[in-house]
There are 2 protein chains.
Amino acid sequence: MKGKPNSLDIAHLAGVSQATVSRALRGHASVNRATRERILQVARQLNYTVDKNASNLRTQQSGTLALLLFEDPTIDESNINPFFLSMLGSITRACAQRGYDLLISFQQLSRDWHADYEDCHKADGLILLGYGDYLDYRSRLEALVAQGTHFVRWGAVLADQPGLSIGGDNHAGGLAATRHLLAQGRRRIGFLGHASLHAPEFLERHQGYAAALREAGLTPDPLLQADAISTEGAGYEAASLVLERGARCDALFAASDLIAIGAMRALFARGLRVPEDVAVVGYDDIPMAQSTHPPLTTVQQDTRHAGELLVDTLLRMVREEDVQSIKLPPRLMVRQSCGAAQQPARTPATVTPLPAGARRARRQARS
Amino acid sequence: MKGKPNSLDIAHLAGVSQATVSRALRGHASVNRATRERILQVARQLNYTVDKNASNLRTQQSGTLALLLFEDPTIDESNINPFFLSMLGSITRACAQRGYDLLISFQQLSRDWHADYEDCHKADGLILLGYGDYLDYRSRLEALVAQGTHFVRWGAVLADQPGLSIGGDNHAGGLAATRHLLAQGRRRIGFLGHASLHAPEFLERHQGYAAALREAGLTPDPLLQADAISTEGAGYEAASLVLERGARCDALFAASDLIAIGAMRALFARGLRVPEDVAVVGYDDIPMAQSTHPPLTTVQQDTRHAGELLVDTLLRMVREEDVQSIKLPPRLMVRQSCGAAQQPARTPATVTPLPAGARRARRQARS
DNA sequence: CTGAAAGCGCTTACAG
DNA sequence: CTGAAAGCGCTTACAG
């Protein structure tokens, strides 16, 4: 036998036609039981595997999903946001369980993702993770919708978004974190992170934060807010800025764990104690949050569930089934940086339907 | 225009044959300049992309590499070893830079990787990352070599290994870490991690550790060694075990950062101070090592360089060029857990040639 | 410099 | 239940 055997080789050895080999291998019910067994045995003996390229070409499918990871350009090359890494892990696992391969790639906003992946039949659909500025990103999403690309993204579920998304309930998360801080008797609570349309997830967290303050009869103090992207460095800077303004501050709610960790460092650098002087709460519950000193109280996002939903939703889109955006309930993980110890709180799940006609629009765009 | 345009559509519109379209798109020098321009313009207009499945089928290549990640089965699902995650990042980037796609997958030892990826033309070669027990793993490597699979793995560069590997110089790393601890005046230095053929990398680190002790006229004390796989939990247990034995101990060299972090926790739990009572040094320099309290002194592995070498070496194998195993120099990152502050040390690079005839053997195995 | 033709290895209507 | 045949969309010798 020269080289890799093909289905014709199997056919000859099994004494059937090549077509029957194909049918047997794909498990068609029509194939006679004994014939199938014979074919399978020969295939096993020759270590035969179906050529993916040929089969994909014929069926016009790829059995592959592509995960496109956008990185904040300011982040150090080697340090991908750990939260995304954990999403990556759960997406990979979910794909494997469903028999799909996963292509992964770090992306810049400049590429034509549709052409790069789905159009050339490398992947049946795309999963989008992370982005820099949402306002830039949004136009790329619109282009994908216009091209009829199958895609889901992880991110804030917004009313007018192009396509659909799976994301945490950031408002609920901000609310829970801030309420918890208030329950510890904190009153001068700061917010670290961008709170604008450029970063919708952070904005939602900020809105939850503001809502909790208002519930308690307080108003968010602009002196206690500082912008930050999701890095330790930005967290350090933002906390430093707030402290330098001199306004009293007894707690900080950071829009991400990375920001919180940087903030704690800034606090320590000034001789302030966490949580005695300033309580700190983060967001994401990255693995590192358990190892900080003190361990970081944070809002956990269920990456495992998120990964499964992302994959399942995308697969449904590929099969042209009905799909909708989903908001996942966050969970407050109380550790020590907030100055308390109590049971984790839960908030209920929420499901936001896809804007009417979005699916139809996509289908039309393709024809 | 119905659906995705193919090369024949382009040909018609450009007024040439389909073959010429293919040549122009692939940049064949033979194509007339003006003809090429015309074809490219039409292709751009129609948003044409070459169908990967068809082109791969024809050329019998995939332009894709597969990254197989083996996880320690004992590790919690959601927590992939951060060191592997950072390797994953650099491998992904290296692939993208070289125009290759990357398929990623978590693997169990039970699968037939050759059949799953290379044989069915999903990938041109495999990158192997992580493993449980090397002794089990080794037989799988032998099978790959026998099947003529193109693969490289990250791991200890061993004299009699099947195939080749890119790995850190673990002996040098263990030596540097332990010498540094000795230089701080520590004498009762423990080792946390498996030191057996089941875990060759840890074994090499242990050998470096033992060599440093011997240089200083000391002997490794078995009471100060405890087995551990690379998890915080195992590190906690191992440190606890050593402490419970009651032997005096003023420093711990952990075979990985995760182990070191677990060990520090065990130390704190017993009211011991790091580094005052017990100095701690880890291995890997995962991102978390900077955020521990105190920040962890550790042996850094250059994941960025490693990722590039892994990809480049594999690509050379695929092109049937000469390749060899490579040992990368580690770098001691001095932070505070060791009780010192000084410049990082460097050790020189080492290159280990592939055992004679290994490449030829591979080629023969395939025919 | 370009075209006509073969063929990569499958899958699936169409017949029987 | 099975076979003969067409065709998925390319790439590349072979001719000219």
# chains A, B, ... in the order shown; residues from 1 in each chain; ligands from 1
$ select_by_dssp --residues "stretch 199-229 of chain B" --states "helix (DSSP H, G or I)" --output "list in words"
Pro200, Glu201, Phe202, Leu203, Glu204, Arg205, His206, Gln207, Gly208, Tyr209, Ala210, Ala211, Ala212, Leu213, Arg214, Glu215, Pro222, Leu223 and Leu224 of chain B
$ write_last_selection --atoms "all heavy atoms" --output "compact mmCIF listing (two decimals), in the first residue's frame"
# COMPACT_ATOMS: atom_id res chain seq x y z
N PRO B 200 9.90 14.29 33.72
CA PRO B 200 11.31 14.57 33.40
C PRO B 200 11.73 16.03 33.64
O PRO B 200 12.86 16.28 34.05
CB PRO B 200 11.42 14.24 31.91
CG PRO B 200 10.25 13.40 31.59
CD PRO B 200 9.18 13.75 32.56
N GLU B 201 10.81 16.95 33.39
CA GLU B 201 11.19 18.35 33.59
C GLU B 201 11.45 18.64 35.06
O GLU B 201 12.43 19.29 35.41
CB GLU B 201 10.09 19.28 33.07
CG GLU B 201 9.96 19.21 31.58
CD GLU B 201 8.80 20.04 31.07
OE1 GLU B 201 7.67 19.51 31.13
OE2 GLU B 201 9.02 21.17 30.65
N PHE B 202 10.56 18.15 35.90
CA PHE B 202 10.75 18.33 37.34
C PHE B 202 12.02 17.60 37.80
O PHE B 202 12.76 18.10 38.64
CB PHE B 202 9.54 17.80 38.12
CG PHE B 202 8.34 18.70 38.06
CD1 PHE B 202 8.29 19.78 37.19
CD2 PHE B 202 7.25 18.48 38.90
CE1 PHE B 202 7.18 20.61 37.15
CE2 PHE B 202 6.14 19.31 38.87
CZ PHE B 202 6.10 20.37 37.98
N LEU B 203 12.24 16.44 37.23
CA LEU B 203 13.42 15.66 37.60
C LEU B 203 14.69 16.46 37.29
O LEU B 203 15.60 16.55 38.11
CB LEU B 203 13.43 14.33 36.84
CG LEU B 203 14.63 13.41 37.09
CD1 LEU B 203 14.75 13.06 38.57
CD2 LEU B 203 14.53 12.13 36.26
N GLU B 204 14.73 17.05 36.12
CA GLU B 204 15.91 17.84 35.74
C GLU B 204 16.08 19.05 36.67
O GLU B 204 17.19 19.43 37.01
CB GLU B 204 15.78 18.33 34.29
CG GLU B 204 15.91 17.22 33.26
CD GLU B 204 15.83 17.74 31.84
OE1 GLU B 204 15.46 18.92 31.64
OE2 GLU B 204 16.13 16.96 30.91
N ARG B 205 14.96 19.65 37.04
CA ARG B 205 15.06 20.79 37.97
C ARG B 205 15.61 20.33 39.31
O ARG B 205 16.39 21.01 39.95
CB ARG B 205 13.67 21.45 38.14
CG ARG B 205 13.24 22.18 36.89
CD ARG B 205 11.79 22.62 36.90
NE ARG B 205 11.39 22.88 35.50
CZ ARG B 205 10.16 23.21 35.09
NH1 ARG B 205 9.19 23.35 35.96
NH2 ARG B 205 9.93 23.43 33.81
N HIS B 206 15.17 19.14 39.69
CA HIS B 206 15.67 18.58 40.95
C HIS B 206 17.16 18.28 40.86
O HIS B 206 17.91 18.50 41.81
CB HIS B 206 14.89 17.30 41.29
CG HIS B 206 15.30 16.71 42.61
ND1 HIS B 206 16.26 15.73 42.72
CD2 HIS B 206 14.90 16.99 43.88
CE1 HIS B 206 16.41 15.41 43.99
NE2 HIS B 206 15.60 16.16 44.73
N GLN B 207 17.58 17.80 39.70
CA GLN B 207 19.00 17.49 39.55
C GLN B 207 19.84 18.76 39.62
O GLN B 207 20.94 18.77 40.19
CB GLN B 207 19.24 16.75 38.23
CG GLN B 207 18.76 15.30 38.32
CD GLN B 207 18.59 14.63 36.96
OE1 GLN B 207 18.62 15.30 35.91
NE2 GLN B 207 18.40 13.32 36.96
N GLY B 208 19.33 19.84 39.05
CA GLY B 208 20.03 21.12 39.14
C GLY B 208 20.12 21.58 40.59
O GLY B 208 21.15 22.08 41.05
N TYR B 209 19.01 21.39 41.28
CA TYR B 209 18.93 21.73 42.70
C TYR B 209 19.97 20.95 43.52
O TYR B 209 20.75 21.51 44.29
CB TYR B 209 17.50 21.45 43.17
CG TYR B 209 17.27 21.05 44.60
CD1 TYR B 209 17.11 22.02 45.59
CD2 TYR B 209 17.14 19.70 44.94
CE1 TYR B 209 16.86 21.64 46.91
CE2 TYR B 209 16.89 19.32 46.24
CZ TYR B 209 16.75 20.28 47.24
OH TYR B 209 16.50 19.90 48.53
N ALA B 210 20.00 19.64 43.26
CA ALA B 210 20.93 18.79 43.99
C ALA B 210 22.38 19.17 43.67
O ALA B 210 23.24 19.20 44.56
CB ALA B 210 20.68 17.32 43.64
N ALA B 211 22.63 19.50 42.40
CA ALA B 211 23.99 19.88 42.00
C ALA B 211 24.44 21.14 42.72
O ALA B 211 25.59 21.24 43.17
CB ALA B 211 24.04 20.08 40.49
N ALA B 212 23.52 22.09 42.84
CA ALA B 212 23.87 23.34 43.53
C ALA B 212 24.18 23.08 45.00
O ALA B 212 25.13 23.64 45.56
CB ALA B 212 22.72 24.34 43.41
N LEU B 213 23.39 22.21 45.60
CA LEU B 213 23.64 21.89 47.00
C LEU B 213 25.02 21.26 47.16
O LEU B 213 25.79 21.62 48.05
CB LEU B 213 22.57 20.93 47.54
CG LEU B 213 21.16 21.50 47.76
CD1 LEU B 213 20.26 20.43 48.36
CD2 LEU B 213 21.20 22.72 48.67
N ARG B 214 25.30 20.33 46.27
CA ARG B 214 26.59 19.63 46.35
C ARG B 214 27.76 20.59 46.16
O ARG B 214 28.76 20.51 46.89
CB ARG B 214 26.64 18.49 45.34
CG ARG B 214 26.18 17.16 45.97
CD ARG B 214 26.29 16.00 45.00
NE ARG B 214 24.95 15.61 44.52
CZ ARG B 214 24.49 15.85 43.32
NH1 ARG B 214 25.24 16.46 42.42
NH2 ARG B 214 23.28 15.47 42.99
N GLU B 215 27.63 21.51 45.26
CA GLU B 215 28.65 22.56 45.07
C GLU B 215 28.96 23.25 46.39
O GLU B 215 30.09 23.67 46.63
CB GLU B 215 28.10 23.66 44.14
CG GLU B 215 28.23 23.45 42.67
CD GLU B 215 27.60 24.63 41.91
OE1 GLU B 215 27.09 25.58 42.55
OE2 GLU B 215 27.64 24.59 40.68
N PRO B 222 16.20 14.13 52.12
CA PRO B 222 14.92 13.55 51.67
C PRO B 222 13.74 14.06 52.50
O PRO B 222 12.62 14.11 52.02
CB PRO B 222 15.11 12.05 51.88
CG PRO B 222 16.57 11.83 52.03
CD PRO B 222 17.17 13.11 52.53
N LEU B 223 14.00 14.45 53.73
CA LEU B 223 12.91 14.96 54.57
C LEU B 223 12.38 16.28 54.04
O LEU B 223 11.28 16.70 54.37
CB LEU B 223 13.39 15.17 56.00
CG LEU B 223 13.58 13.90 56.85
CD1 LEU B 223 14.12 14.26 58.23
CD2 LEU B 223 12.25 13.16 56.97
N LEU B 224 13.20 16.93 53.23
CA LEU B 224 12.81 18.25 52.72
C LEU B 224 12.24 18.17 51.30
O LEU B 224 12.05 19.18 50.64
CB LEU B 224 14.01 19.21 52.75
CG LEU B 224 14.54 19.55 54.14
CD1 LEU B 224 15.70 20.53 54.05
CD2 LEU B 224 13.44 20.10 55.03
$ closest_atom_pairs --of "chain C" --to "chain B" --cutoff "7 Å" --atoms "only C-alpha atoms (C1' of nucleotides)" --output "tab-separated table"
residue	atom	partner	partner_atom	distance
C:DC1	C1'	B:Val31	CA	6.2
C:DT2	C1'	B:Thr20	CA	6.9
C:DG3	C1'	B:Ser17	CA	6.4
C:DC8	C1'	B:Arg58	CA	4.5
$ closest_residue --among "B:Leu164, B:Ile286, B:Leu144, B:Leu192" --to "chain A" --atoms "only C-alpha atoms"
B:Ile286
$ select_by_dssp --residues "stretch 29-278 of chain A" --states "strand (DSSP E or B)" --output "NGL selection string"
:A and (64-70 or 101-107 or 125-129 or 151-154 or 164-168 or 189-192 or 225-226 or 251-254)
$ write_last_selection --atoms "N, CA and C atoms" --output "CSV table (one decimal), in the first residue's frame"
chain,number,residue,atom,x,y,z
A,64,THR,N,-15.8,23.1,11.5
A,64,THR,CA,-14.9,23.9,12.3
A,64,THR,C,-15.5,25.2,12.6
A,65,LEU,N,-15.2,25.7,13.8
A,65,LEU,CA,-15.6,27.0,14.3
A,65,LEU,C,-14.3,27.8,14.4
A,66,ALA,N,-14.4,29.1,14.2
A,66,ALA,CA,-13.2,29.9,14.4
A,66,ALA,C,-13.4,30.9,15.6
A,67,LEU,N,-12.4,30.9,16.5
A,67,LEU,CA,-12.5,31.8,17.6
A,67,LEU,C,-11.5,33.0,17.3
A,68,LEU,N,-12.1,34.2,17.2
A,68,LEU,CA,-11.3,35.3,17.0
A,68,LEU,C,-11.2,36.1,18.2
A,69,LEU,N,-9.9,36.3,18.7
A,69,LEU,CA,-9.7,37.0,19.9
A,69,LEU,C,-9.1,38.4,19.7
A,70,PHE,N,-9.7,39.4,20.1
A,70,PHE,CA,-9.2,40.7,19.9
A,70,PHE,C,-8.5,41.2,21.1
A,101,ASP,N,-14.1,21.2,15.4
A,101,ASP,CA,-12.8,21.7,15.6
A,101,ASP,C,-12.8,23.2,15.8
A,102,LEU,N,-11.8,23.7,16.5
A,102,LEU,CA,-11.7,25.1,16.8
A,102,LEU,C,-10.4,25.7,16.2
A,103,LEU,N,-10.6,26.7,15.4
A,103,LEU,CA,-9.5,27.4,14.8
A,103,LEU,C,-9.3,28.6,15.7
A,104,ILE,N,-8.1,28.9,16.2
A,104,ILE,CA,-8.1,30.2,17.0
A,104,ILE,C,-7.1,31.2,16.4
A,105,SER,N,-7.4,32.4,16.6
A,105,SER,CA,-6.6,33.4,16.0
A,105,SER,C,-6.7,34.8,16.8
A,106,PHE,N,-5.6,35.5,16.9
A,106,PHE,CA,-5.7,36.8,17.4
A,106,PHE,C,-5.9,37.8,16.3
A,107,GLN,N,-6.8,38.7,16.5
A,107,GLN,CA,-7.2,39.5,15.4
A,107,GLN,C,-6.9,41.0,15.6
A,125,GLY,N,-18.6,29.1,11.2
A,125,GLY,CA,-19.0,30.3,12.0
A,125,GLY,C,-18.0,30.8,12.8
A,126,LEU,N,-18.2,32.0,13.4
A,126,LEU,CA,-17.2,32.7,14.2
A,126,LEU,C,-17.6,33.0,15.6
A,127,ILE,N,-16.7,32.9,16.5
A,127,ILE,CA,-17.0,33.3,17.9
A,127,ILE,C,-16.0,34.5,18.1
A,128,LEU,N,-16.6,35.6,18.5
A,128,LEU,CA,-15.8,36.8,18.7
A,128,LEU,C,-15.6,37.1,20.2
A,129,LEU,N,-14.4,37.3,20.6
A,129,LEU,CA,-14.0,37.5,22.0
A,129,LEU,C,-13.2,38.7,22.2
A,151,PHE,N,-22.2,34.4,13.3
A,151,PHE,CA,-21.3,34.7,14.4
A,151,PHE,C,-22.0,35.0,15.7
A,152,VAL,N,-21.4,34.8,16.8
A,152,VAL,CA,-21.8,35.2,18.1
A,152,VAL,C,-20.6,35.9,18.8
A,153,ARG,N,-20.9,36.8,19.7
A,153,ARG,CA,-19.8,37.4,20.4
A,153,ARG,C,-20.1,37.3,21.9
A,154,TRP,N,-19.0,37.3,22.6
A,154,TRP,CA,-19.1,37.5,24.1
A,154,TRP,C,-19.1,39.0,24.3
A,164,LEU,N,-26.0,39.0,17.4
A,164,LEU,CA,-26.3,38.8,18.8
A,164,LEU,C,-25.2,38.4,19.7
A,165,SER,N,-25.4,38.4,21.0
A,165,SER,CA,-24.3,38.2,21.9
A,165,SER,C,-24.7,37.4,23.1
A,166,ILE,N,-23.7,36.8,23.7
A,166,ILE,CA,-23.9,36.1,25.0
A,166,ILE,C,-23.0,37.0,26.0
A,167,GLY,N,-23.6,37.4,27.1
A,167,GLY,CA,-22.8,38.2,28.0
A,167,GLY,C,-23.3,38.1,29.4
A,168,GLY,N,-22.5,38.6,30.3
A,168,GLY,CA,-23.0,38.6,31.7
A,168,GLY,C,-24.0,39.7,31.9
A,189,ILE,N,-17.7,55.2,47.9
A,189,ILE,CA,-17.3,54.1,47.1
A,189,ILE,C,-16.9,54.6,45.7
A,190,GLY,N,-15.7,54.3,45.2
A,190,GLY,CA,-15.2,54.8,43.9
A,190,GLY,C,-15.5,53.7,42.9
A,191,PHE,N,-15.4,54.1,41.6
A,191,PHE,CA,-15.5,53.2,40.5
A,191,PHE,C,-14.3,53.4,39.6
A,192,LEU,N,-13.6,52.3,39.3
A,192,LEU,CA,-12.4,52.3,38.4
A,192,LEU,C,-12.7,51.6,37.1
A,225,GLN,N,-14.3,58.5,40.5
A,225,GLN,CA,-14.3,57.6,39.3
A,225,GLN,C,-13.1,58.0,38.5
A,226,ALA,N,-12.5,56.9,37.9
A,226,ALA,CA,-11.3,57.2,37.0
A,226,ALA,C,-11.4,56.1,35.9
A,251,ALA,N,-13.9,52.7,49.7
A,251,ALA,CA,-14.0,51.5,48.9
A,251,ALA,C,-13.8,51.8,47.5
A,252,LEU,N,-13.4,50.8,46.7
A,252,LEU,CA,-13.2,50.9,45.3
A,252,LEU,C,-13.9,49.7,44.6
A,253,PHE,N,-14.8,49.9,43.7
A,253,PHE,CA,-15.3,48.9,42.9
A,253,PHE,C,-14.6,49.0,41.5
A,254,ALA,N,-13.9,47.9,41.2
A,254,ALA,CA,-13.1,48.0,39.9
A,254,ALA,C,-13.9,47.2,38.8
$ residues_around --residues "B:Pro82" --least-positions-apart "2" --cutoff "10 Å" --atoms "only C-alpha atoms (C1' of nucleotides)" --output "list in words"
Pro82, Leu85, Ser86, Pro287 and Met288 of chain A; Asn79, Ile80, Phe84, Leu85, Ser86, Met87, Leu88, Asp257, Leu258, Asp284, Asp285, Ile286, Pro287 and Met288 of chain B
$ decode --residues "stretch 169-261 of chain B" --atoms "C-alpha atoms" --output "PDB file, in the first residue's frame"
ATOM      1  CA  ASP B 169      17.168  24.014  30.281  1.00  0.00           C
ATOM      2  CA  ASN B 170      15.664  22.719  33.485  1.00  0.00           C
ATOM      3  CA  HIS B 171      18.929  21.670  35.007  1.00  0.00           C
ATOM      4  CA  ALA B 172      20.332  25.174  34.561  1.00  0.00           C
ATOM      5  CA  GLY B 173      17.136  26.601  36.014  1.00  0.00           C
ATOM      6  CA  GLY B 174      17.245  24.422  39.103  1.00  0.00           C
ATOM      7  CA  LEU B 175      20.898  25.237  39.524  1.00  0.00           C
ATOM      8  CA  ALA B 176      20.361  29.001  39.273  1.00  0.00           C
ATOM      9  CA  ALA B 177      17.419  29.019  41.658  1.00  0.00           C
ATOM     10  CA  THR B 178      19.186  26.952  44.293  1.00  0.00           C
ATOM     11  CA  ARG B 179      22.484  28.813  44.002  1.00  0.00           C
ATOM     12  CA  HIS B 180      20.579  32.003  44.533  1.00  0.00           C
ATOM     13  CA  LEU B 181      18.936  30.647  47.670  1.00  0.00           C
ATOM     14  CA  LEU B 182      22.344  29.505  48.912  1.00  0.00           C
ATOM     15  CA  ALA B 183      23.735  32.956  48.215  1.00  0.00           C
ATOM     16  CA  GLN B 184      21.096  34.357  50.546  1.00  0.00           C
ATOM     17  CA  GLY B 185      22.531  32.215  53.290  1.00  0.00           C
ATOM     18  CA  ARG B 186      19.865  29.515  53.187  1.00  0.00           C
ATOM     19  CA  ARG B 187      21.115  26.038  53.983  1.00  0.00           C
ATOM     20  CA  ARG B 188      18.073  23.882  54.658  1.00  0.00           C
ATOM     21  CA  ILE B 189      16.501  24.069  51.223  1.00  0.00           C
ATOM     22  CA  GLY B 190      13.573  21.817  50.334  1.00  0.00           C
ATOM     23  CA  PHE B 191      12.312  20.711  46.913  1.00  0.00           C
ATOM     24  CA  LEU B 192       8.612  20.514  46.103  1.00  0.00           C
ATOM     25  CA  GLY B 193       7.607  18.476  43.059  1.00  0.00           C
ATOM     26  CA  HIS B 194       7.858  15.016  41.533  1.00  0.00           C
ATOM     27  CA  ALA B 195      11.462  14.089  40.941  1.00  0.00           C
ATOM     28  CA  SER B 196      11.131  10.946  38.850  1.00  0.00           C
ATOM     29  CA  LEU B 197      11.046   9.772  35.254  1.00  0.00           C
ATOM     30  CA  HIS B 198       7.283  10.283  35.333  1.00  0.00           C
ATOM     31  CA  ALA B 199       8.003  14.020  35.198  1.00  0.00           C
ATOM     32  CA  PRO B 200      11.311  14.569  33.403  1.00  0.00           C
ATOM     33  CA  GLU B 201      11.190  18.350  33.593  1.00  0.00           C
ATOM     34  CA  PHE B 202      10.751  18.335  37.344  1.00  0.00           C
ATOM     35  CA  LEU B 203      13.424  15.659  37.596  1.00  0.00           C
ATOM     36  CA  GLU B 204      15.905  17.844  35.741  1.00  0.00           C
ATOM     37  CA  ARG B 205      15.055  20.792  37.972  1.00  0.00           C
ATOM     38  CA  HIS B 206      15.667  18.576  40.946  1.00  0.00           C
ATOM     39  CA  GLN B 207      19.002  17.492  39.545  1.00  0.00           C
ATOM     40  CA  GLY B 208      20.030  21.125  39.136  1.00  0.00           C
ATOM     41  CA  TYR B 209      18.930  21.732  42.703  1.00  0.00           C
ATOM     42  CA  ALA B 210      20.933  18.786  43.988  1.00  0.00           C
ATOM     43  CA  ALA B 211      23.990  19.875  42.002  1.00  0.00           C
ATOM     44  CA  ALA B 212      23.865  23.340  43.528  1.00  0.00           C
ATOM     45  CA  LEU B 213      23.639  21.892  47.002  1.00  0.00           C
ATOM     46  CA  ARG B 214      26.590  19.632  46.350  1.00  0.00           C
ATOM     47  CA  GLU B 215      28.646  22.560  45.066  1.00  0.00           C
ATOM     48  CA  ALA B 216      28.032  24.132  48.450  1.00  0.00           C
ATOM     49  CA  GLY B 217      29.082  20.991  50.275  1.00  0.00           C
ATOM     50  CA  LEU B 218      25.504  20.082  51.199  1.00  0.00           C
ATOM     51  CA  THR B 219      23.422  16.977  50.563  1.00  0.00           C
ATOM     52  CA  PRO B 220      19.760  17.046  49.613  1.00  0.00           C
ATOM     53  CA  ASP B 221      17.735  15.972  52.626  1.00  0.00           C
ATOM     54  CA  PRO B 222      14.922  13.553  51.674  1.00  0.00           C
ATOM     55  CA  LEU B 223      12.911  14.955  54.570  1.00  0.00           C
ATOM     56  CA  LEU B 224      12.807  18.246  52.718  1.00  0.00           C
ATOM     57  CA  GLN B 225      11.429  16.827  49.468  1.00  0.00           C
ATOM     58  CA  ALA B 226       7.800  16.090  48.717  1.00  0.00           C
ATOM     59  CA  ASP B 227       6.110  15.068  45.477  1.00  0.00           C
ATOM     60  CA  ALA B 228       3.640  17.387  43.768  1.00  0.00           C
ATOM     61  CA  ILE B 229       2.082  17.815  40.362  1.00  0.00           C
ATOM     62  CA  SER B 230       1.769  21.346  39.095  1.00  0.00           C
ATOM     63  CA  THR B 231      -1.240  22.655  41.030  1.00  0.00           C
ATOM     64  CA  GLU B 232      -1.706  24.946  43.981  1.00  0.00           C
ATOM     65  CA  GLY B 233      -3.447  22.186  45.863  1.00  0.00           C
ATOM     66  CA  ALA B 234      -0.537  19.801  45.419  1.00  0.00           C
ATOM     67  CA  GLY B 235       1.857  22.551  46.451  1.00  0.00           C
ATOM     68  CA  TYR B 236      -0.115  23.184  49.605  1.00  0.00           C
ATOM     69  CA  GLU B 237      -0.089  19.493  50.463  1.00  0.00           C
ATOM     70  CA  ALA B 238       3.580  19.034  49.691  1.00  0.00           C
ATOM     71  CA  ALA B 239       4.680  21.998  51.791  1.00  0.00           C
ATOM     72  CA  SER B 240       2.439  20.867  54.622  1.00  0.00           C
ATOM     73  CA  LEU B 241       3.967  17.417  54.492  1.00  0.00           C
ATOM     74  CA  VAL B 242       7.509  18.772  54.666  1.00  0.00           C
ATOM     75  CA  LEU B 243       6.643  21.070  57.553  1.00  0.00           C
ATOM     76  CA  GLU B 244       4.893  18.307  59.462  1.00  0.00           C
ATOM     77  CA  ARG B 245       7.975  16.139  59.307  1.00  0.00           C
ATOM     78  CA  GLY B 246       9.507  18.657  61.652  1.00  0.00           C
ATOM     79  CA  ALA B 247      12.895  18.922  59.924  1.00  0.00           C
ATOM     80  CA  ARG B 248      14.347  22.409  59.915  1.00  0.00           C
ATOM     81  CA  CYS B 249      13.711  24.222  56.649  1.00  0.00           C
ATOM     82  CA  ASP B 250      14.644  27.767  55.686  1.00  0.00           C
ATOM     83  CA  ALA B 251      13.827  27.711  52.004  1.00  0.00           C
ATOM     84  CA  LEU B 252      11.665  25.884  49.454  1.00  0.00           C
ATOM     85  CA  PHE B 253      12.381  25.523  45.754  1.00  0.00           C
ATOM     86  CA  ALA B 254       9.139  24.607  44.028  1.00  0.00           C
ATOM     87  CA  ALA B 255       9.184  22.867  40.651  1.00  0.00           C
ATOM     88  CA  SER B 256       6.503  25.265  39.382  1.00  0.00           C
ATOM     89  CA  ASP B 257       4.917  28.572  40.332  1.00  0.00           C
ATOM     90  CA  LEU B 258       1.595  26.928  41.035  1.00  0.00           C
ATOM     91  CA  ILE B 259       3.303  24.640  43.524  1.00  0.00           C
ATOM     92  CA  ALA B 260       5.127  27.629  45.040  1.00  0.00           C
ATOM     93  CA  ILE B 261       1.905  29.567  45.469  1.00  0.00           C
TER      94      ILE B 261
END
